Every structure is written in C-alpha cells, then in structure tokens.
$ cat entry-v8.csv   # CSV, C-alpha atoms
chain,number,residue,atom,x,y,z
A,75,MET,CA,-4.6,33.4,22.7
A,76,GLU,CA,-5.8,32.6,26.2
A,77,ASN,CA,-7.0,29.1,25.1
A,78,ARG,CA,-3.4,28.1,24.3
A,79,TYR,CA,-2.6,28.0,28.0
A,80,ARG,CA,-5.3,25.5,28.7
A,81,ILE,CA,-3.7,22.8,26.5
A,82,PRO,CA,-2.6,19.8,28.6
A,83,SER,CA,1.2,19.1,28.7
A,84,LEU,CA,2.8,17.3,25.9
A,85,ALA,CA,4.1,14.7,28.3
A,86,ALA,CA,0.6,13.9,29.4
A,87,LEU,CA,-0.7,13.8,25.8
A,88,ASN,CA,2.1,11.5,24.7
A,89,ALA,CA,1.5,9.2,27.6
A,90,PHE,CA,-2.2,9.1,26.8
A,91,VAL,CA,-1.6,8.3,23.1
A,92,ALA,CA,1.0,5.6,24.0
A,93,PHE,CA,-1.5,4.1,26.4
A,94,ALA,CA,-4.3,4.1,23.7
A,95,ARG,CA,-2.0,2.6,21.2
A,96,THR,CA,-0.5,-0.2,23.4
A,97,GLY,CA,-3.5,-0.9,25.6
A,98,ALA,CA,-1.5,-1.1,28.8
A,99,ILE,CA,0.3,1.3,31.2
A,100,ARG,CA,3.5,-0.9,31.3
A,101,ARG,CA,3.7,-1.3,27.6
A,102,ALA,CA,3.1,2.5,27.1
A,103,ALA,CA,5.9,3.1,29.6
A,104,ALA,CA,8.3,0.7,27.7
A,105,GLU,CA,7.5,2.5,24.5
A,106,LEU,CA,8.1,5.9,26.0
A,107,ARG,CA,11.1,4.6,28.0
A,108,ILE,CA,9.8,6.0,31.2
A,109,ASP,CA,8.7,4.5,34.5
A,110,HIS,CA,5.1,3.1,34.5
A,111,ALA,CA,4.3,5.2,37.5
A,112,ALA,CA,5.0,8.3,35.4
A,113,VAL,CA,2.5,7.1,32.8
A,114,SER,CA,-0.2,6.6,35.5
A,115,ARG,CA,0.5,10.1,36.8
A,116,HIS,CA,0.3,11.6,33.4
A,117,LEU,CA,-3.1,9.9,32.7
A,118,ARG,CA,-4.5,11.1,36.1
A,119,ASP,CA,-3.2,14.6,35.4
A,120,LEU,CA,-4.8,14.6,31.9
A,121,GLU,CA,-8.2,13.3,33.3
A,122,HIS,CA,-8.0,16.1,35.9
A,123,ALA,CA,-7.2,18.8,33.3
A,124,LEU,CA,-10.0,17.6,31.0
A,125,GLY,CA,-12.5,17.0,33.7
A,126,VAL,CA,-13.7,13.7,32.3
A,127,PRO,CA,-12.6,10.0,32.9
A,128,LEU,CA,-10.5,8.6,30.0
A,129,ARG,CA,-10.3,5.0,31.1
A,130,THR,CA,-13.0,2.3,31.6
A,131,GLY,CA,-13.0,-0.1,34.5
A,132,GLN,CA,-11.6,-2.8,32.2
A,133,GLY,CA,-8.5,-0.7,31.3
A,134,GLY,CA,-9.7,0.5,27.9
A,135,LEU,CA,-10.7,3.9,26.7
A,136,THR,CA,-14.1,5.6,27.2
A,137,PRO,CA,-16.0,6.6,24.0
A,138,GLN,CA,-15.1,10.2,24.7
A,139,ALA,CA,-11.4,9.2,25.0
A,140,GLU,CA,-11.5,7.3,21.7
A,141,ILE,CA,-12.7,10.4,19.9
A,142,TYR,CA,-10.2,12.7,21.7
A,143,CYS,CA,-7.4,10.3,20.8
A,144,ALA,CA,-8.3,10.2,17.1
A,145,ARG,CA,-8.4,14.0,17.0
A,146,ILE,CA,-5.1,14.7,18.8
A,147,ILE,CA,-2.9,12.0,17.1
A,148,PRO,CA,-2.7,13.9,13.8
A,149,LEU,CA,-1.9,17.1,15.6
A,150,LEU,CA,0.9,15.6,17.7
A,151,GLU,CA,2.4,13.9,14.6
A,152,GLY,CA,2.1,17.2,12.6
A,153,LEU,CA,3.9,19.0,15.4
A,154,ALA,CA,6.6,16.4,15.5
A,155,HIS,CA,7.1,16.4,11.7
A,156,ALA,CA,7.1,20.2,11.5
A,157,THR,CA,9.8,20.3,14.2
A,158,ALA,CA,11.9,17.7,12.4
A,159,ASP,CA,11.6,19.6,9.1
A,160,MET,CA,12.8,22.8,10.9
A,161,ARG,CA,15.7,20.9,12.5
A,162,GLN,CA,16.4,19.1,9.2
A,163,ASP,CA,16.4,15.8,11.1
A,164,ILE,CA,16.4,12.5,9.3
A,165,ALA,CA,12.8,11.6,8.6
A,166,HIS,CA,11.9,7.9,9.3
A,167,LEU,CA,9.3,6.9,6.7
A,168,THR,CA,7.7,3.4,6.6
A,169,VAL,CA,6.1,2.4,3.3
A,170,THR,CA,3.9,-0.6,3.4
A,171,CYS,CA,3.4,-2.1,0.0
A,172,SER,CA,1.8,-5.1,-1.8
A,173,HIS,CA,4.4,-7.8,-2.2
A,174,GLY,CA,4.5,-8.0,-6.0
A,175,PHE,CA,5.0,-4.3,-6.6
A,176,ALA,CA,7.5,-4.1,-3.7
A,177,TYR,CA,9.7,-6.9,-4.9
A,178,HIS,CA,9.5,-6.6,-8.7
A,179,TRP,CA,9.4,-2.8,-9.3
A,180,LEU,CA,9.9,-0.6,-6.2
A,181,LEU,CA,12.8,-2.4,-4.5
A,182,PRO,CA,15.2,-2.3,-7.5
A,183,ARG,CA,14.7,1.5,-7.6
A,184,LEU,CA,15.0,2.3,-3.9
A,185,SER,CA,18.8,2.9,-4.1
A,186,VAL,CA,18.0,5.8,-6.4
A,187,PHE,CA,15.6,7.3,-3.9
A,188,ARG,CA,18.1,6.9,-1.1
A,189,ARG,CA,20.9,8.4,-3.1
A,190,ASP,CA,18.8,11.4,-4.1
A,191,HIS,CA,17.1,11.9,-0.7
A,192,PRO,CA,19.6,11.0,2.1
A,193,CYS,CA,17.5,13.1,4.5
A,194,ILE,CA,14.8,10.3,4.5
A,195,ASP,CA,15.3,6.9,6.1
A,196,LEU,CA,12.8,4.8,4.1
A,197,LEU,CA,11.7,1.4,5.4
A,198,LEU,CA,10.0,-0.8,2.8
A,199,ARG,CA,7.6,-3.3,4.4
A,200,PRO,CA,5.8,-5.7,2.1
A,201,VAL,CA,2.4,-6.7,3.4
A,202,ASP,CA,-0.5,-9.0,2.3
A,203,ALA,CA,-3.1,-7.5,0.0
A,204,ASP,CA,-5.8,-7.8,2.7
A,205,THR,CA,-3.7,-6.1,5.4
A,206,GLY,CA,-5.6,-3.0,6.5
A,207,PHE,CA,-3.8,0.4,6.5
A,208,ASP,CA,-4.3,2.3,9.7
A,209,PRO,CA,-1.3,4.5,10.7
A,210,ARG,CA,-2.9,5.0,14.2
A,211,HIS,CA,-1.9,1.5,15.0
A,212,GLY,CA,1.8,2.0,14.1
A,213,THR,CA,4.6,3.4,16.1
A,214,GLY,CA,3.8,7.0,15.4
A,215,ALA,CA,6.5,7.4,12.7
A,216,LEU,CA,5.6,8.6,9.2
A,217,HIS,CA,3.7,5.9,7.4
A,218,ALA,CA,2.5,5.6,3.8
A,219,ASP,CA,1.0,2.7,1.9
A,220,ILE,CA,1.1,1.5,-1.7
A,221,ARG,CA,-1.6,-0.9,-2.8
A,222,TYR,CA,-3.2,-2.2,-6.0
A,223,MET,CA,-6.9,-1.3,-5.9
A,224,THR,CA,-9.3,-2.9,-8.4
A,225,ASP,CA,-12.1,-0.9,-9.9
A,226,GLU,CA,-14.6,-3.0,-7.9
A,227,PRO,CA,-15.9,-1.3,-4.7
A,228,GLN,CA,-13.5,-1.7,-1.9
A,229,GLY,CA,-14.0,-2.3,1.8
A,230,PRO,CA,-14.2,0.5,4.4
A,231,GLU,CA,-10.4,0.6,5.0
A,232,TYR,CA,-10.0,2.1,1.5
A,233,ARG,CA,-12.5,4.9,1.8
A,234,GLY,CA,-10.1,7.8,1.9
A,235,PRO,CA,-12.3,10.8,3.0
A,236,GLU,CA,-13.8,8.9,6.0
A,237,ARG,CA,-10.4,8.0,7.2
A,238,ASN,CA,-8.9,11.4,6.6
A,239,MET,CA,-6.6,10.0,4.0
A,240,ARG,CA,-5.0,11.5,0.9
A,241,CYS,CA,-4.4,9.4,-2.2
A,242,MET,CA,-2.5,9.6,-5.5
A,243,GLU,CA,-2.8,7.2,-8.4
A,244,ILE,CA,0.8,6.0,-9.2
A,245,THR,CA,0.0,4.1,-12.4
A,246,ARG,CA,-2.9,2.2,-14.0
A,247,PRO,CA,-1.3,-0.7,-15.8
A,248,ALA,CA,-2.7,-3.0,-18.4
A,249,VAL,CA,-3.4,-6.6,-17.2
A,250,PHE,CA,-2.9,-9.5,-19.5
A,251,PRO,CA,-2.6,-13.3,-19.3
A,252,VAL,CA,0.9,-14.9,-19.2
A,253,ALA,CA,2.3,-18.4,-19.2
A,254,SER,CA,5.6,-20.2,-19.4
A,255,PRO,CA,6.6,-21.6,-22.9
A,256,ARG,CA,6.3,-25.1,-21.5
A,257,CYS,CA,2.7,-24.5,-20.4
A,258,LEU,CA,1.7,-23.0,-23.8
A,259,ALA,CA,3.3,-26.0,-25.6
A,260,ARG,CA,1.0,-28.3,-23.5
A,261,LEU,CA,-2.2,-26.6,-24.6
A,262,SER,CA,-4.2,-28.9,-27.0
A,263,HIS,CA,-4.5,-26.0,-29.5
A,264,PRO,CA,-3.7,-22.3,-29.5
A,265,PRO,CA,-6.6,-20.2,-28.2
A,266,ARG,CA,-8.6,-18.6,-30.9
A,267,THR,CA,-10.6,-16.2,-28.7
A,268,ALA,CA,-10.6,-15.1,-25.1
A,269,ALA,CA,-13.4,-17.6,-24.4
A,270,ASP,CA,-11.0,-20.4,-25.3
A,271,LEU,CA,-8.9,-19.6,-22.2
A,272,LEU,CA,-11.7,-21.1,-20.1
A,273,ASP,CA,-10.4,-24.5,-21.3
A,274,ALA,CA,-6.9,-23.7,-20.2
A,275,PRO,CA,-5.4,-24.1,-16.7
A,276,LEU,CA,-6.0,-20.7,-15.1
A,277,LEU,CA,-4.2,-19.6,-11.9
A,278,LEU,CA,-6.2,-17.5,-9.4
A,279,GLU,CA,-5.0,-15.2,-6.7
A,280,ASP,CA,-7.0,-15.2,-3.5
A,281,ASP,CA,-10.3,-15.4,-5.5
A,282,GLU,CA,-11.6,-15.3,-9.0
A,283,THR,CA,-12.5,-11.6,-9.0
A,284,GLU,CA,-9.7,-10.4,-11.3
A,285,TRP,CA,-10.2,-13.1,-13.9
A,286,LYS,CA,-14.0,-12.4,-13.9
A,287,LEU,CA,-13.3,-8.7,-14.5
A,288,TRP,CA,-10.8,-9.5,-17.3
A,289,PHE,CA,-13.2,-11.9,-19.1
A,290,ALA,CA,-16.0,-9.3,-18.8
A,291,ALA,CA,-13.8,-6.7,-20.4
A,292,GLN,CA,-13.2,-9.3,-23.2
A,293,SER,CA,-17.1,-9.6,-23.6
A,294,VAL,CA,-17.0,-13.1,-22.1
A,295,GLN,CA,-19.7,-13.6,-19.5
A,296,ILE,CA,-18.9,-16.5,-17.1
A,297,GLY,CA,-20.3,-17.8,-13.8
A,298,THR,CA,-17.3,-19.5,-12.2
A,299,VAL,CA,-13.7,-19.4,-13.3
A,300,PRO,CA,-12.3,-23.0,-13.7
A,301,ALA,CA,-9.2,-22.8,-11.6
A,302,ALA,CA,-6.1,-24.9,-11.9
A,303,GLY,CA,-4.8,-23.5,-8.7
A,304,ARG,CA,-5.5,-20.7,-6.2
A,305,LEU,CA,-2.7,-18.7,-4.7
A,306,TRP,CA,-2.6,-16.1,-2.1
A,307,GLN,CA,-1.0,-13.1,-3.9
A,308,ALA,CA,-0.2,-12.0,-7.4
A,309,HIS,CA,3.5,-12.8,-7.1
A,310,LEU,CA,2.8,-16.3,-6.0
A,311,ALA,CA,0.4,-16.8,-8.9
A,312,LEU,CA,3.2,-15.6,-11.2
A,313,ALA,CA,5.7,-17.9,-9.6
A,314,ALA,CA,3.3,-20.8,-10.3
A,315,ALA,CA,3.0,-19.7,-13.9
A,316,ARG,CA,6.8,-19.5,-14.1
A,317,ALA,CA,6.9,-23.2,-13.0
A,318,GLY,CA,4.5,-24.1,-15.8
A,319,GLU,CA,1.4,-24.8,-13.7
A,320,GLY,CA,-0.9,-22.6,-15.7
A,321,ILE,CA,-1.9,-19.1,-17.0
A,322,ALA,CA,-1.9,-16.1,-14.6
A,323,LEU,CA,-2.9,-12.5,-14.9
A,324,GLY,CA,-0.1,-9.9,-14.5
A,325,ASN,CA,1.0,-6.5,-15.5
A,326,PRO,CA,4.3,-4.9,-16.7
A,327,TYR,CA,5.2,-3.7,-13.2
A,328,LEU,CA,5.3,-7.4,-12.0
A,329,LEU,CA,6.5,-9.0,-15.2
A,330,ALA,CA,9.3,-7.0,-16.8
A,331,GLU,CA,12.2,-9.4,-15.9
A,332,ASP,CA,10.2,-12.5,-16.7
A,333,LEU,CA,9.1,-11.2,-20.1
A,334,ARG,CA,12.6,-10.0,-20.9
A,335,ALA,CA,14.2,-13.4,-19.9
A,336,GLY,CA,11.5,-15.4,-21.7
A,337,LEU,CA,10.4,-17.2,-18.5
A,338,LEU,CA,6.8,-16.0,-19.2
A,339,CYS,CA,5.1,-15.0,-22.4
A,340,PRO,CA,2.0,-13.0,-23.1
A,341,VAL,CA,-0.9,-15.3,-24.1
A,342,THR,CA,-2.3,-14.3,-27.5
A,343,THR,CA,-5.2,-15.5,-29.6
A,344,THR,CA,-5.3,-16.4,-33.2
A,345,ALA,CA,-8.7,-15.2,-34.3
A,346,THR,CA,-10.0,-12.3,-32.2
A,347,PRO,CA,-7.2,-10.1,-30.6
A,348,LEU,CA,-7.4,-9.7,-26.9
A,349,ARG,CA,-8.4,-6.2,-25.7
A,350,ARG,CA,-6.1,-4.0,-23.6
A,351,VAL,CA,-7.6,-4.1,-20.1
A,352,ALA,CA,-6.8,-2.1,-17.0
A,353,LEU,CA,-8.6,-3.4,-13.9
A,354,GLY,CA,-7.3,-1.0,-11.3
A,355,SER,CA,-4.4,1.2,-10.2
A,356,TYR,CA,-1.5,1.2,-7.8
A,357,VAL,CA,-2.3,3.9,-5.3
A,358,LEU,CA,-0.2,5.8,-2.7
A,359,ARG,CA,-2.0,6.7,0.5
A,360,ALA,CA,-1.1,8.6,3.6
A,361,PRO,CA,-2.8,10.6,6.3
A,362,ALA,CA,-3.9,14.0,5.2
A,363,HIS,CA,-1.9,15.8,8.0
A,364,VAL,CA,1.4,14.4,6.6
A,365,TRP,CA,0.6,14.5,2.9
A,366,GLU,CA,2.3,17.9,2.3
A,367,GLY,CA,5.2,17.2,4.6
A,368,THR,CA,8.7,17.0,3.1
A,369,ALA,CA,9.0,13.2,3.1
A,370,LEU,CA,5.7,12.5,1.5
A,371,ARG,CA,6.1,15.3,-1.0
A,372,LEU,CA,9.5,14.0,-2.1
A,373,LEU,CA,8.2,10.4,-2.3
A,374,ARG,CA,5.2,11.5,-4.5
A,375,THR,CA,7.5,13.4,-6.8
A,376,TRP,CA,10.0,10.6,-7.1
A,377,LEU,CA,7.4,7.9,-7.7
A,378,SER,CA,5.8,10.0,-10.5
A,379,ALA,CA,9.2,10.5,-12.1
A,380,GLN,CA,10.1,6.8,-11.9
A,381,VAL,CA,6.8,5.8,-13.4
A,382,ALA,CA,7.3,8.2,-16.3
A,383,ILE,CA,10.7,6.8,-17.0
A,384,TYR,CA,9.5,3.2,-16.8
A,385,GLU,CA,6.5,3.9,-19.1
A,386,GLY,CA,8.8,5.5,-21.6
A,387,GLU,CA,11.0,2.3,-21.5
A,388,LEU,CA,7.9,0.2,-22.1
A,389,GLN,CA,6.8,2.3,-25.0
A,390,ALA,CA,10.3,2.1,-26.5
A,391,ARG,CA,10.3,-1.7,-26.3
A,392,ALA,CA,6.9,-2.0,-27.7
A,393,HIS,CA,7.7,0.4,-30.7
A,394,PRO,CA,11.4,0.1,-31.3
A,395,GLY,CA,12.9,2.7,-33.6
A,396,PRO,CA,14.8,1.9,-36.8
A,397,GLU,CA,18.1,0.3,-36.5
A,398,THR,CA,21.1,2.5,-37.1
$ encode --input "entry-v8.csv" --output "structure tokens"
Amino acid sequence: MENRYRIPSLAALNAFVAFARTGAIRRAAAELRIDHAAVSRHLRDLEHALGVPLRTGQGGLTPQAEIYCARIIPLLEGLAHATADMRQDIAHLTVTCSHGFAYHWLLPRLSVFRRDHPCIDLLLRPVDADTGFDPRHGTGALHADIRYMTDEPQGPEYRGPERNMRCMEITRPAVFPVASPRCLARLSHPPRTAADLLDAPLLLEDDETEWKLWFAAQSVQIGTVPAAGRLWQAHLALAAARAGEGIALGNPYLLAEDLRAGLLCPVTTTATPLRRVALGSYVLRAPAHVWEGTALRLLRTWLSAQVAIYEGELQARAHPGPET
C-alpha cells in the first residue's frame, strides 16, 4: 500500500506522455490545452520524483525515459477507459482499415453498429496497406486496426506478442480472378487452365506477391508475373479491372456489388477447374490493455455477427433453394 503514495502525479505523467508523443513542449502544451510553462514544470517535477533525467540535450527522450513511457502509456489509457466505462461516457474509437474492406464491406454496415451501440463514437479511417499500426503515435484515444494479412511472413509491425497486441481473425475469404465482360471478350481464347492466365493481361497490386501465391496454389510455378499494370491497392486494381484493363484478384468482401451488377465476372477455365484459394485473412488488432474494454468487446462481437450474416448470404447465393 505504501508504494501507491510514491506514484508521480497524473498531471506530470500526462505532460510527460504528451511531450514524448509530440516531441516538443509547446506542442505538448497545445495538446493538453495548458501553458507551456506548466508542461516544463511537470517534466522537472517528474524528473525530480524519479531521480533520473528524462530528456536529452537535443530535446528528445533518454533511453530510460523511452522504456518508462512505453510502460506507463497502457496504464494511463487503461485508467482512462475504466473511468469512462464507470461513468458510461461516450467512447471515442478510431478504426484504421485497409481501403477496400473499409469502402466495400465495412462502411455500408456501420449505420447498424451506430444504431446498436450509441455509446460508441466510431471513426473509420481508411489507410494504405503499408501504413504501420502503432497506437502510441495516436492521440491517446481508443484505436483498433483492421488489415488484410497474407500467409506470407509479415514485417515487425505485425508481430502481435512483441508489440503487446491482441488479434482476432475476422474472416478468411477465397481469392479468385475477375475481369469485366469486355476484357473477357477480348481474350484470344477462353483459358483452359490456370497457366493460360499467364497469357492474359494481369493487374497487380503493389507487387506480384498475391498472384505468385495464387498461381502456386494452382500448382503453376512461375518466375515473374507478366503484368499489364501495377496499382497501389486492391480497390484500385479492381477499379482498373472494372474499366476493362485486365484481370485482377479479389474476394467476396471487395466484389459483392460488382459481381451482382455484372461489372466484373469470375474468370473460369474450360479444362481444369480453378482451385478455391485463401491467401490470408482480415484481422482485427488492438493493444492488449484495451482488448477487453467495452468498446473493443462490442466491436469484436458485432464484426463476428456481421461476418456470419454475410457468409450466410454468400452461401445462399451460391446454392439457391428450390423456387416456390
């Protein structure tokens, strides 16, 4: 019990975290809406209470301060979220999400989430696929991330345990080639096997990784994918396919409206059927210390329910019942 009274003041800790996040006393003061002299005083008080310097001569953090900051941020956020839950405050939740999944699947369903959970103010923020997820660099609000992760080894930003992250697989969709009717009509002959697609105009995302994985799953070994065009993201590749520029890879979470409207069609083969291939999953991630909080718990439950409904709709369309 006695150790509790040796904890620095919350004002000093908040000033320290704001300084670490913004990199400058005046920016920290603006974020906290206090005078910059107060931030300087809080930092000096904290250094005195801890008995160690926290700032370098260049205005950055010492190595000890970096470690201390990483340890106390989750604790301060946990305290804030626990207090908000007790007060039944509105929880401000930011969800960063890959563009295609955000626009084509998540956004049309968000009104249901907002209707069912008015206690959560959810901000959807589409981001590039290579944008790293690090909630320590945010504003301190609740932050979760939805990203498509291939089965290939990922970079260090995706290693959950090292970053104290929790993850949940949302869905693992099939990936298949699609093209516009106009593009298919321009092919010299209908493809007989998966290997015949190597003679067709193929649209890549950022690189050829996904096509290589898809061809490998079809038992087609290739060196380089002959690209008709390289786009930055999946939804851009699908837009190019919609315009008739070539064949792109997609999944039902990106393609539902295009398939229903006939703007894009699955590419089929006449001799050897294409295998059903899943190359990765859409994954929800958030810091471990907020994972069991009300907002993240409700979001996880809602996402699972919406996926179950959607998968049921896909099954019904694939295997329609007898007409009545």
$ closest_residue --input "entry-v8.csv" --among "A:Glu284, A:Glu151, A:Asp195, A:Asp270" --to "Ala345 in chain A" --atoms "only C-alpha atoms"
A:Asp270
$ closest_residue --input "entry-v8.csv" --among "A:Gly354, A:Gly131, A:Pro82, A:Gly174" --to "Met223 in chain A" --atoms "all atoms listed in the file"
A:Gly354
$ residues_around --input "entry-v8.csv" --residues "Arg107 in chain A" --least-positions-apart "6" --cutoff "12 Å" --atoms "all atoms listed in the file" --output "ChimeraX atom specification"
/A:88-89,92,99-101,113
$ write_last_selection --input "entry-v8.csv" --atoms "C-alpha atoms" --output "PDB file, keeping the file's coordinate frame"
ATOM      1  CA  ASN A  88       2.100  11.500  24.700  1.00  0.00           C
ATOM      2  CA  ALA A  89       1.500   9.200  27.600  1.00  0.00           C
ATOM      3  CA  ALA A  92       1.000   5.600  24.000  1.00  0.00           C
ATOM      4  CA  ILE A  99       0.300   1.300  31.200  1.00  0.00           C
ATOM      5  CA  ARG A 100       3.500  -0.900  31.300  1.00  0.00           C
ATOM      6  CA  ARG A 101       3.700  -1.300  27.600  1.00  0.00           C
ATOM      7  CA  VAL A 113       2.500   7.100  32.800  1.00  0.00           C
TER       8      VAL A 113
END
$ closest_residue --input "entry-v8.csv" --among "A:Arg199, A:Leu333, A:Trp288, A:Ala144" --to "Leu180 in chain A" --atoms "all atoms listed in the file"
A:Arg199
$ residues_near_point --input "entry-v8.csv" --point "(-0.8, 12.1, 33.3)" --cutoff "9 Å" --atoms "all atoms listed in the file" --output "list in words"
Ser83, Ala85, Ala86, Leu87, Ala89, Phe90, Ala112, Val113, Ser114, Arg115, His116, Leu117, Arg118, Asp119, Leu120, Glu121 and His122 of chain A
$ axis_aligned_box --input "entry-v8.csv" --around "range 116-134 of chain A" --padding-each-side "5 Å" --output "JSON"
{"center_x": -6.7, "center_y": 8.0, "center_z": 32.0, "size_x": 24.0, "size_y": 31.6, "size_z": 18.2}
$ atom_distance --input "entry-v8.csv" --atom1 "CA of Glu319 in chain A" --atom2 "CA of Asp225 in chain A"
27.7 Å
$ closest_residue --input "entry-v8.csv" --among "A:Leu271, A:Ala248, A:Ala253, A:Ala94" --to "Ala313 in chain A" --atoms "all atoms listed in the file"
A:Ala253
$ residues_around --input "entry-v8.csv" --residues "His363 in chain A" --least-positions-apart "2" --cutoff "10 Å" --atoms "all atoms listed in the file" --output "list in words"
Ile147, Pro148, Leu149, Glu151, Gly152, Leu153, His155, Asn238, Met239, Arg240, Ala360, Pro361, Trp365, Glu366 and Gly367 of chain A
